[in-house]
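**Student:** What follows is final.cif, made up of mmCIF, C-alpha atoms:
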```cif
data_entry
loop_
_atom_site.label_atom_id
_atom_site.label_comp_id
_atom_site.auth_asym_id
_atom_site.auth_seq_id
_atom_site.Cartn_x
_atom_site.Cartn_y
_atom_site.Cartn_z
CA MET A 1 -73.79 -47.16 -129.23
CA ASN A 2 -76.39 -49.38 -130.85
CA VAL A 3 -78.08 -52.62 -129.97
CA GLU A 4 -75.93 -54.73 -132.24
CA ASN A 5 -72.64 -53.48 -130.82
CA THR A 6 -73.60 -54.31 -127.28
CA GLN A 7 -74.84 -57.71 -128.33
CA VAL A 8 -71.60 -58.42 -130.15
CA GLN A 9 -69.71 -57.42 -127.01
CA MET A 10 -71.92 -59.69 -124.93
CA ARG A 11 -71.26 -62.64 -127.21
CA LYS A 12 -67.51 -62.20 -127.57
CA GLY A 13 -66.18 -63.57 -124.31
CA ILE A 14 -68.92 -66.18 -124.24
CA LEU A 15 -68.02 -67.49 -127.69
CA GLU A 16 -64.43 -68.03 -126.59
CA PHE A 17 -65.68 -69.81 -123.49
CA CYS A 18 -67.91 -72.10 -125.53
CA ILE A 19 -65.16 -72.98 -127.99
CA LEU A 20 -62.77 -73.93 -125.20
CA ASN A 21 -65.55 -75.99 -123.66
CA ILE A 22 -66.03 -77.93 -126.89
CA ILE A 23 -62.30 -78.50 -127.38
CA SER A 24 -61.97 -79.65 -123.77
CA ARG A 25 -63.88 -82.85 -124.60
CA GLY A 26 -61.00 -84.20 -126.64
CA GLU A 27 -59.65 -83.92 -130.15
CA VAL A 28 -62.00 -81.99 -132.39
CA TYR A 29 -62.07 -80.62 -135.93
CA ALA A 30 -62.94 -76.99 -136.62
CA SER A 31 -65.81 -78.19 -138.80
CA ASP A 32 -67.28 -80.05 -135.81
CA MET A 33 -67.02 -76.89 -133.70
CA LEU A 34 -68.81 -74.87 -136.34
CA GLU A 35 -71.55 -77.44 -136.51
CA GLU A 36 -72.10 -77.53 -132.74
CA LEU A 37 -71.94 -73.75 -132.29
CA THR A 38 -74.44 -73.32 -135.07
CA ALA A 39 -76.72 -75.94 -133.57
CA ALA A 40 -76.53 -74.07 -130.26
CA ARG A 41 -77.32 -70.84 -132.15
CA ILE A 42 -74.15 -69.16 -130.89
CA MET A 43 -72.74 -67.78 -134.10
CA VAL A 44 -71.23 -68.52 -136.59
CA VAL A 45 -69.39 -67.65 -139.70
CA GLU A 46 -66.18 -69.51 -140.46
CA GLY A 47 -64.48 -66.14 -140.73
CA THR A 48 -65.04 -65.66 -136.99
CA LEU A 49 -63.90 -69.08 -135.83
CA TYR A 50 -60.57 -69.49 -137.58
CA PRO A 51 -58.92 -66.26 -136.38
CA LEU A 52 -60.13 -67.06 -132.87
CA LEU A 53 -58.56 -70.53 -133.02
CA THR A 54 -55.31 -68.98 -134.19
CA ARG A 55 -55.36 -66.52 -131.28
CA LEU A 56 -56.04 -69.33 -128.81
CA LYS A 57 -53.17 -71.33 -130.26
CA ASN A 58 -50.75 -68.39 -130.17
CA ALA A 59 -51.71 -67.84 -126.54
CA GLY A 60 -50.75 -71.44 -125.80
CA LEU A 61 -54.28 -72.44 -124.79
CA VAL A 62 -54.97 -74.91 -127.58
CA GLU A 63 -52.79 -76.96 -129.91
CA TYR A 64 -53.43 -79.04 -132.98
CA LYS A 65 -52.00 -81.86 -134.98
CA TRP A 66 -52.52 -82.63 -138.64
CA VAL A 67 -54.50 -85.76 -139.35
CA GLU A 68 -54.44 -87.32 -142.80
CA SER A 69 -57.64 -88.31 -144.46
CA THR A 70 -58.39 -91.07 -146.92
CA SER A 71 -60.64 -88.64 -148.76
CA GLY A 72 -59.51 -85.07 -149.13
CA PRO A 73 -56.67 -83.03 -147.60
CA PRO A 74 -55.28 -83.44 -144.05
CA ARG A 75 -57.20 -81.62 -141.31
CA LYS A 76 -56.29 -79.98 -138.01
CA TYR A 77 -57.31 -81.78 -134.84
CA TYR A 78 -57.55 -79.44 -131.84
CA THR A 79 -56.90 -80.20 -128.17
CA LEU A 80 -56.63 -78.11 -125.00
CA THR A 81 -53.19 -77.53 -123.45
CA PRO A 82 -52.77 -77.70 -119.64
CA ALA A 83 -52.74 -73.88 -119.63
CA GLY A 84 -55.94 -73.94 -121.65
CA ARG A 85 -57.56 -76.15 -119.03
CA VAL A 86 -56.66 -73.69 -116.25
CA PHE A 87 -57.97 -70.82 -118.38
CA LEU A 88 -61.23 -72.64 -119.08
CA ASP A 89 -61.77 -73.38 -115.38
CA SER A 90 -61.33 -69.71 -114.61
CA LEU A 91 -63.79 -68.67 -117.32
CA GLN A 92 -66.22 -71.24 -115.98
CA LEU A 93 -66.13 -69.58 -112.56
CA THR A 94 -66.67 -66.14 -114.08
CA TRP A 95 -69.55 -67.41 -116.18
CA ASN A 96 -71.24 -69.09 -113.22
CA GLU A 97 -70.91 -65.88 -111.20
CA LEU A 98 -72.32 -63.72 -114.02
CA VAL A 99 -75.32 -65.95 -114.56
CA LEU A 100 -76.01 -65.88 -110.82
CA SER A 101 -75.56 -62.11 -110.54
CA THR A 102 -77.71 -61.40 -113.55
CA SER A 103 -80.53 -63.63 -112.41
CA GLN A 104 -80.39 -61.96 -109.00
CA ILE A 105 -80.93 -58.54 -110.61
CA MET A 106 -83.60 -59.80 -113.00
CA THR A 107 -85.50 -61.46 -110.16
CA ARG A 108 -85.77 -58.10 -108.41
CA ASN A 109 -87.29 -56.86 -111.68
CA GLY A 110 -89.92 -59.54 -111.29
CA SER A 111 -89.19 -60.56 -114.86
CA ASN A 112 -87.21 -63.81 -114.51
CA GLY A 113 -85.77 -62.79 -117.81
CA HIS A 114 -88.77 -64.04 -119.69
CA THR A 115 -91.07 -61.06 -120.01
CA SER A 116 -90.58 -58.05 -122.17
CA GLY A 117 -92.46 -54.84 -122.39
CA MET B 118 -54.56 -62.89 -124.50
CA ASN B 119 -54.86 -63.58 -120.80
CA VAL B 120 -57.60 -64.79 -118.52
CA GLU B 121 -58.43 -61.35 -117.19
CA ASN B 122 -58.94 -59.79 -120.64
CA THR B 123 -61.41 -62.42 -121.68
CA GLN B 124 -63.26 -62.11 -118.40
CA VAL B 125 -63.45 -58.34 -118.77
CA GLN B 126 -64.85 -58.86 -122.28
CA MET B 127 -67.37 -61.34 -120.93
CA ARG B 128 -68.55 -58.89 -118.28
CA LYS B 129 -68.79 -55.80 -120.48
CA GLY B 130 -72.01 -56.32 -122.35
CA ILE B 131 -73.54 -58.01 -119.33
CA LEU B 132 -72.80 -55.05 -117.08
CA GLU B 133 -74.63 -52.73 -119.46
CA PHE B 134 -77.54 -55.14 -119.56
CA CYS B 135 -77.73 -55.26 -115.75
CA ILE B 136 -77.59 -51.48 -115.38
CA LEU B 137 -80.45 -51.02 -117.85
CA ASN B 138 -82.38 -53.67 -115.97
CA ILE B 139 -81.98 -51.80 -112.70
CA ILE B 140 -82.93 -48.45 -114.23
CA SER B 141 -85.97 -50.02 -115.89
CA ARG B 142 -87.64 -50.40 -112.48
CA GLY B 143 -88.15 -46.68 -112.15
CA GLU B 144 -86.22 -43.65 -111.04
CA VAL B 145 -82.91 -44.60 -109.50
CA TYR B 146 -79.79 -42.91 -108.16
CA ALA B 147 -76.33 -43.94 -109.31
CA SER B 148 -75.45 -44.72 -105.71
CA ASP B 149 -78.31 -47.23 -105.55
CA MET B 150 -77.07 -48.88 -108.74
CA LEU B 151 -73.58 -49.18 -107.31
CA GLU B 152 -74.96 -50.76 -104.18
CA GLU B 153 -77.04 -53.32 -106.02
CA LEU B 154 -74.35 -54.23 -108.55
CA THR B 155 -71.89 -54.69 -105.72
CA ALA B 156 -74.37 -56.84 -103.79
CA ALA B 157 -74.81 -58.95 -106.92
CA ARG B 158 -70.98 -59.17 -107.19
CA ILE B 159 -71.03 -57.72 -110.71
CA MET B 160 -68.38 -55.07 -110.46
CA VAL B 161 -67.87 -52.28 -109.42
CA VAL B 162 -65.80 -49.21 -109.12
CA GLU B 163 -67.52 -45.86 -109.48
CA GLY B 164 -65.01 -45.04 -112.21
CA THR B 165 -66.66 -47.71 -114.36
CA LEU B 166 -70.27 -46.79 -113.74
CA TYR B 167 -70.29 -43.05 -114.41
CA PRO B 168 -68.76 -43.09 -117.91
CA LEU B 169 -71.13 -45.91 -118.80
CA LEU B 170 -74.16 -43.88 -117.63
CA THR B 171 -72.93 -40.94 -119.71
CA ARG B 172 -72.63 -43.16 -122.77
CA LEU B 173 -76.12 -44.55 -122.23
CA LYS B 174 -77.49 -41.03 -121.89
CA ASN B 175 -75.70 -39.77 -125.01
CA ALA B 176 -77.13 -42.72 -126.91
CA GLY B 177 -80.64 -41.66 -125.84
CA LEU B 178 -81.26 -44.82 -123.83
CA VAL B 179 -81.48 -43.26 -120.38
CA GLU B 180 -82.24 -39.79 -119.11
CA TYR B 181 -82.02 -38.09 -115.75
CA LYS B 182 -83.41 -35.21 -113.80
CA TRP B 183 -81.84 -33.37 -110.91
CA VAL B 184 -83.49 -33.90 -107.57
CA GLU B 185 -82.78 -31.55 -104.68
CA SER B 186 -81.93 -32.94 -101.32
CA THR B 187 -82.56 -31.56 -97.84
CA SER B 188 -79.13 -32.77 -96.88
CA GLY B 189 -76.30 -32.35 -99.36
CA PRO B 190 -76.15 -31.41 -103.04
CA PRO B 191 -78.80 -32.28 -105.69
CA ARG B 192 -78.54 -35.73 -107.24
CA LYS B 193 -79.29 -37.28 -110.62
CA TYR B 194 -82.31 -39.53 -110.87
CA TYR B 195 -82.12 -41.92 -113.83
CA THR B 196 -84.95 -43.37 -115.91
CA LEU B 197 -85.15 -45.41 -119.11
CA THR B 198 -86.29 -43.70 -122.32
CA PRO B 199 -88.69 -45.51 -124.70
CA ALA B 200 -85.67 -46.28 -126.91
CA GLY B 201 -83.90 -47.64 -123.84
CA ARG B 202 -86.81 -49.98 -123.20
CA VAL B 203 -86.62 -51.37 -126.74
CA PHE B 204 -82.86 -51.76 -126.39
CA LEU B 205 -83.24 -53.57 -123.07
CA ASP B 206 -85.81 -55.98 -124.49
CA SER B 207 -83.44 -56.81 -127.31
CA LEU B 208 -80.56 -57.42 -124.89
CA GLN B 209 -82.84 -59.59 -122.82
CA LEU B 210 -83.51 -61.82 -125.81
CA THR B 211 -79.79 -62.08 -126.60
CA TRP B 212 -79.01 -62.89 -122.98
CA ASN B 213 -81.68 -65.61 -122.79
CA GLU B 214 -80.35 -67.15 -126.00
CA LEU B 215 -76.74 -67.08 -124.79
CA VAL B 216 -77.57 -68.72 -121.46
CA LEU B 217 -79.52 -71.41 -123.30
CA SER B 218 -76.78 -71.97 -125.90
CA THR B 219 -74.04 -72.11 -123.32
CA SER B 220 -75.87 -74.54 -121.09
CA GLN B 221 -76.52 -76.71 -124.13
CA ILE B 222 -72.80 -76.92 -124.84
CA MET B 223 -71.87 -77.44 -121.20
CA THR B 224 -74.40 -80.23 -120.83
CA ARG B 225 -72.70 -82.11 -123.65
CA ASN B 226 -69.52 -81.72 -121.60
CA GLY B 227 -71.32 -83.49 -118.80
CA SER B 228 -70.25 -80.66 -116.52
CA ASN B 229 -73.43 -78.61 -116.00
CA GLY B 230 -71.03 -75.78 -115.46
CA HIS B 231 -70.30 -76.90 -111.92
CA THR B 232 -67.31 -79.18 -112.19
CA SER B 233 -63.79 -78.22 -113.04
CA GLY B 234 -60.42 -79.87 -113.25
#
```
Would you write the structure of this file as structure tokens?

**Tutor:**
Amino acid sequence: MNVENTQVQMRKGILEFCILNIISRGEVYASDMLEELTAARIMVVEGTLYPLLTRLKNAGLVEYKWVESTSGPPRKYYTLTPAGRVFLDSLQLTWNELVLSTSQIMTRNGSNGHTSG
Amino acid sequence: MNVENTQVQMRKGILEFCILNIISRGEVYASDMLEELTAARIMVVEGTLYPLLTRLKNAGLVEYKWVESTSGPPRKYYTLTPAGRVFLDSLQLTWNELVLSTSQIMTRNGSNGHTSG
């Protein structure tokens, strides 16, 4: 057990949640996702995103269509499936609960999550 | 991939973070941890907590001493080690970043994390 492992574990479910959130807005390219996740400081190497998108697609949560481009090769355009919407709503509930629970515990520490020792 | 797996993944690192937070306040019994985690709706079955405490101890992050009781058997009293304190501070930073990143993405969804559907 080391710090990095636990942090990776902490990020894993949350990364999936964030990606579904981004896709839920409408049709989106993988390159746009990478850009937004990076801007939000959530990850990211491309090597992490693409296998995750494939898993989400195989699970029936997202789908894509190919869109041709005037410059360069065709690109995949991702959208959420109805099952993906249900899944995202459920993750949203879990996330809200976890943030609430964690802040409840940290408040009893008198730290508000902002101090460190 | 199903909803429950991803939610379990999401909770895993966070549970560890919360337990270290509770122990960081001073000497604490496992039964007190269970009570607080349950009150905060974070888990919990005892079968989850005890192996996790053992892992944290083997990693040198927490330690315990036996405390005798006037009624009943002696109990373990947990405290954080100096390494555990460093580890907790690092998790705290990761957690703060993740909450910030996630809220940034959810704000662009116009959902604030409170709508669904």

**Student:** Pull out every residue of chain B sitting within 6 Å of chain A, counting all atoms listed in the file, and send them as a PyMOL selection string.

**Tutor:** chain B and resi 123+126-127+130+157+206+218+233

**Student:** What would the selection look like, as a CSV table (one decimal) with C-alpha atoms, in the frame of the given file, if the PyMOL selection byres ((chain B and resi 196) around 7) were run on the coordinates I just shared?

**Tutor:**
```
chain,number,residue,atom,x,y,z
B,140,ILE,CA,-82.9,-48.4,-114.2
B,141,SER,CA,-86.0,-50.0,-115.9
B,143,GLY,CA,-88.2,-46.7,-112.2
B,144,GLU,CA,-86.2,-43.6,-111.0
B,145,VAL,CA,-82.9,-44.6,-109.5
B,179,VAL,CA,-81.5,-43.3,-120.4
B,180,GLU,CA,-82.2,-39.8,-119.1
B,181,TYR,CA,-82.0,-38.1,-115.8
B,194,TYR,CA,-82.3,-39.5,-110.9
B,195,TYR,CA,-82.1,-41.9,-113.8
B,197,LEU,CA,-85.2,-45.4,-119.1
B,198,THR,CA,-86.3,-43.7,-122.3
```

**Student:** Between atom CA of Met33 of chain A and atom CA of Lys65 of chain A, measure the distance and give it in Å to one decimal.

**Tutor:**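 These atoms are spaced 15.9 Å apart.
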
**Student:** What does the distance between atom CA of Glu46 of chain A and atom CA of Thr224 of chain B come to in Å, to one decimal place?

**Tutor:** 23.8 Å

**Student:** Using the chain letters and residue numbers of this document, give as a list of chain:residue names the residues selected by the PyMOL selection byres ((chain B and resi 192) around 9).

**Tutor:**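 Residues picked by the PyMOL selection byres ((chain B and resi 192) around 9): B:Tyr146, B:Ala147, B:Lys182, B:Trp183, B:Val184, B:Glu185, B:Ser186, B:Gly189, B:Pro190, B:Pro191, B:Lys193, B:Tyr194.
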
**Student:** Rounded to one decimal in Å, what is the spacing between atom CA of Pro51 of chain A and atom CA of Ala83 of chain A?

**Tutor:** 19.4 Å

**Student:** Export segment 26-67 of chain A, N, CA and C atoms, as an mmCIF file, in the first residue's frame; it's the structure right above.

**Tutor:**
```
data_model
loop_
_atom_site.group_PDB
_atom_site.id
_atom_site.type_symbol
_atom_site.label_atom_id
_atom_site.label_comp_id
_atom_site.auth_asym_id
_atom_site.auth_seq_id
_atom_site.Cartn_x
_atom_site.Cartn_y
_atom_site.Cartn_z
ATOM 1 N N GLY A 26 -24.000 15.946 -25.026
ATOM 2 C CA GLY A 26 -24.312 15.856 -26.447
ATOM 3 C C GLY A 26 -23.177 15.154 -27.141
ATOM 4 N N GLU A 27 -23.104 15.274 -28.458
ATOM 5 C CA GLU A 27 -22.076 14.572 -29.199
ATOM 6 C C GLU A 27 -20.711 15.210 -28.937
ATOM 7 N N VAL A 28 -19.730 14.364 -28.668
ATOM 8 C CA VAL A 28 -18.422 14.910 -28.285
ATOM 9 C C VAL A 28 -17.290 14.017 -28.795
ATOM 10 N N TYR A 29 -16.234 14.643 -29.244
ATOM 11 C CA TYR A 29 -15.044 13.929 -29.690
ATOM 12 C C TYR A 29 -14.173 13.554 -28.492
ATOM 13 N N ALA A 30 -13.431 12.481 -28.627
ATOM 14 C CA ALA A 30 -12.491 12.083 -27.571
ATOM 15 C C ALA A 30 -11.473 13.192 -27.297
ATOM 16 N N SER A 31 -11.063 13.876 -28.365
ATOM 17 C CA SER A 31 -10.056 14.929 -28.175
ATOM 18 C C SER A 31 -10.611 16.072 -27.318
ATOM 19 N N ASP A 32 -11.925 16.335 -27.452
ATOM 20 C CA ASP A 32 -12.548 17.363 -26.608
ATOM 21 C C ASP A 32 -12.583 16.923 -25.146
ATOM 22 N N MET A 33 -12.861 15.622 -24.937
ATOM 23 C CA MET A 33 -12.884 15.094 -23.569
ATOM 24 C C MET A 33 -11.515 15.249 -22.929
ATOM 25 N N LEU A 34 -10.496 14.851 -23.665
ATOM 26 C CA LEU A 34 -9.133 14.954 -23.149
ATOM 27 C C LEU A 34 -8.816 16.382 -22.738
ATOM 28 N N GLU A 35 -9.225 17.310 -23.591
ATOM 29 C CA GLU A 35 -8.931 18.708 -23.345
ATOM 30 C C GLU A 35 -9.624 19.180 -22.065
ATOM 31 N N GLU A 36 -10.893 18.816 -21.904
ATOM 32 C CA GLU A 36 -11.636 19.280 -20.734
ATOM 33 C C GLU A 36 -11.151 18.613 -19.445
ATOM 34 N N LEU A 37 -10.871 17.317 -19.519
ATOM 35 C CA LEU A 37 -10.370 16.610 -18.331
ATOM 36 C C LEU A 37 -9.025 17.168 -17.904
ATOM 37 N N THR A 38 -8.203 17.489 -18.873
ATOM 38 C CA THR A 38 -6.903 18.064 -18.561
ATOM 39 C C THR A 38 -7.052 19.448 -17.943
ATOM 40 N N ALA A 39 -7.971 20.232 -18.509
ATOM 41 C CA ALA A 39 -8.222 21.568 -17.966
ATOM 42 C C ALA A 39 -8.728 21.480 -16.531
ATOM 43 N N ALA A 40 -9.506 20.440 -16.244
ATOM 44 C CA ALA A 40 -10.038 20.251 -14.887
ATOM 45 C C ALA A 40 -9.036 19.527 -13.998
ATOM 46 N N ARG A 41 -7.867 19.250 -14.523
ATOM 47 C CA ARG A 41 -6.769 18.582 -13.798
ATOM 48 C C ARG A 41 -7.131 17.183 -13.330
ATOM 49 N N ILE A 42 -7.983 16.487 -14.086
ATOM 50 C CA ILE A 42 -8.410 15.156 -13.648
ATOM 51 C C ILE A 42 -7.480 14.043 -14.079
ATOM 52 N N MET A 43 -6.957 14.049 -15.263
ATOM 53 C CA MET A 43 -5.937 13.083 -15.603
ATOM 54 C C MET A 43 -4.897 13.797 -16.440
ATOM 55 N N VAL A 44 -4.520 13.471 -17.543
ATOM 56 C CA VAL A 44 -5.020 12.405 -18.380
ATOM 57 C C VAL A 44 -3.959 12.047 -19.381
ATOM 58 N N VAL A 45 -3.774 10.799 -19.613
ATOM 59 C CA VAL A 45 -3.038 10.370 -20.778
ATOM 60 C C VAL A 45 -4.037 9.713 -21.705
ATOM 61 N N GLU A 46 -3.794 9.853 -23.014
ATOM 62 C CA GLU A 46 -4.719 9.256 -23.985
ATOM 63 C C GLU A 46 -4.853 7.766 -23.751
ATOM 64 N N GLY A 47 -3.767 7.157 -23.310
ATOM 65 C CA GLY A 47 -3.757 5.718 -23.071
ATOM 66 C C GLY A 47 -4.740 5.282 -22.000
ATOM 67 N N THR A 48 -5.183 6.222 -21.162
ATOM 68 C CA THR A 48 -6.187 5.908 -20.145
ATOM 69 C C THR A 48 -7.587 6.062 -20.710
ATOM 70 N N LEU A 49 -7.782 7.092 -21.524
ATOM 71 C CA LEU A 49 -9.126 7.435 -21.983
ATOM 72 C C LEU A 49 -9.686 6.422 -22.977
ATOM 73 N N TYR A 50 -8.882 6.036 -23.955
ATOM 74 C CA TYR A 50 -9.446 5.214 -25.029
ATOM 75 C C TYR A 50 -9.920 3.838 -24.570
ATOM 76 N N PRO A 51 -9.142 3.137 -23.745
ATOM 77 C CA PRO A 51 -9.668 1.851 -23.245
ATOM 78 C C PRO A 51 -10.939 2.043 -22.417
ATOM 79 N N LEU A 52 -11.014 3.125 -21.681
ATOM 80 C CA LEU A 52 -12.199 3.390 -20.867
ATOM 81 C C LEU A 52 -13.427 3.617 -21.759
ATOM 82 N N LEU A 53 -13.229 4.367 -22.846
ATOM 83 C CA LEU A 53 -14.341 4.591 -23.782
ATOM 84 C C LEU A 53 -14.796 3.276 -24.410
ATOM 85 N N THR A 54 -13.848 2.413 -24.715
ATOM 86 C CA THR A 54 -14.194 1.116 -25.285
ATOM 87 C C THR A 54 -15.002 0.287 -24.287
ATOM 88 N N ARG A 55 -14.583 0.308 -23.016
ATOM 89 C CA ARG A 55 -15.324 -0.423 -21.991
ATOM 90 C C ARG A 55 -16.742 0.123 -21.847
ATOM 91 N N LEU A 56 -16.870 1.439 -21.847
ATOM 92 C CA LEU A 56 -18.187 2.058 -21.714
ATOM 93 C C LEU A 56 -19.085 1.703 -22.901
ATOM 94 N N LYS A 57 -18.466 1.624 -24.078
ATOM 95 C CA LYS A 57 -19.247 1.265 -25.270
ATOM 96 C C LYS A 57 -19.686 -0.205 -25.208
ATOM 97 N N ASN A 58 -18.753 -1.078 -24.833
ATOM 98 C CA ASN A 58 -19.078 -2.504 -24.745
ATOM 99 C C ASN A 58 -20.143 -2.777 -23.689
ATOM 100 N N ALA A 59 -20.203 -1.909 -22.682
ATOM 101 C CA ALA A 59 -21.214 -2.063 -21.635
ATOM 102 C C ALA A 59 -22.548 -1.437 -22.047
ATOM 103 N N GLY A 60 -22.576 -0.859 -23.246
ATOM 104 C CA GLY A 60 -23.830 -0.295 -23.749
ATOM 105 C C GLY A 60 -24.178 1.061 -23.141
ATOM 106 N N LEU A 61 -23.200 1.723 -22.556
ATOM 107 C CA LEU A 61 -23.484 2.993 -21.878
ATOM 108 C C LEU A 61 -23.257 4.195 -22.791
ATOM 109 N N VAL A 62 -22.323 4.041 -23.733
ATOM 110 C CA VAL A 62 -22.117 5.096 -24.732
ATOM 111 C C VAL A 62 -22.116 4.460 -26.123
ATOM 112 N N GLU A 63 -22.325 5.300 -27.132
ATOM 113 C CA GLU A 63 -22.208 4.822 -28.509
ATOM 114 C C GLU A 63 -21.538 5.921 -29.321
ATOM 115 N N TYR A 64 -21.090 5.565 -30.512
ATOM 116 C CA TYR A 64 -20.478 6.608 -31.326
ATOM 117 C C TYR A 64 -20.863 6.445 -32.780
ATOM 118 N N LYS A 65 -20.721 7.511 -33.522
ATOM 119 C CA LYS A 65 -20.829 7.414 -34.970
ATOM 120 C C LYS A 65 -19.591 8.057 -35.562
ATOM 121 N N TRP A 66 -19.250 7.614 -36.783
ATOM 122 C CA TRP A 66 -18.111 8.205 -37.464
ATOM 123 C C TRP A 66 -18.551 9.479 -38.174
ATOM 124 N N VAL A 67 -17.777 10.517 -38.034
ATOM 125 C CA VAL A 67 -18.081 11.766 -38.720
ATOM 126 C C VAL A 67 -16.900 12.129 -39.606
#
```
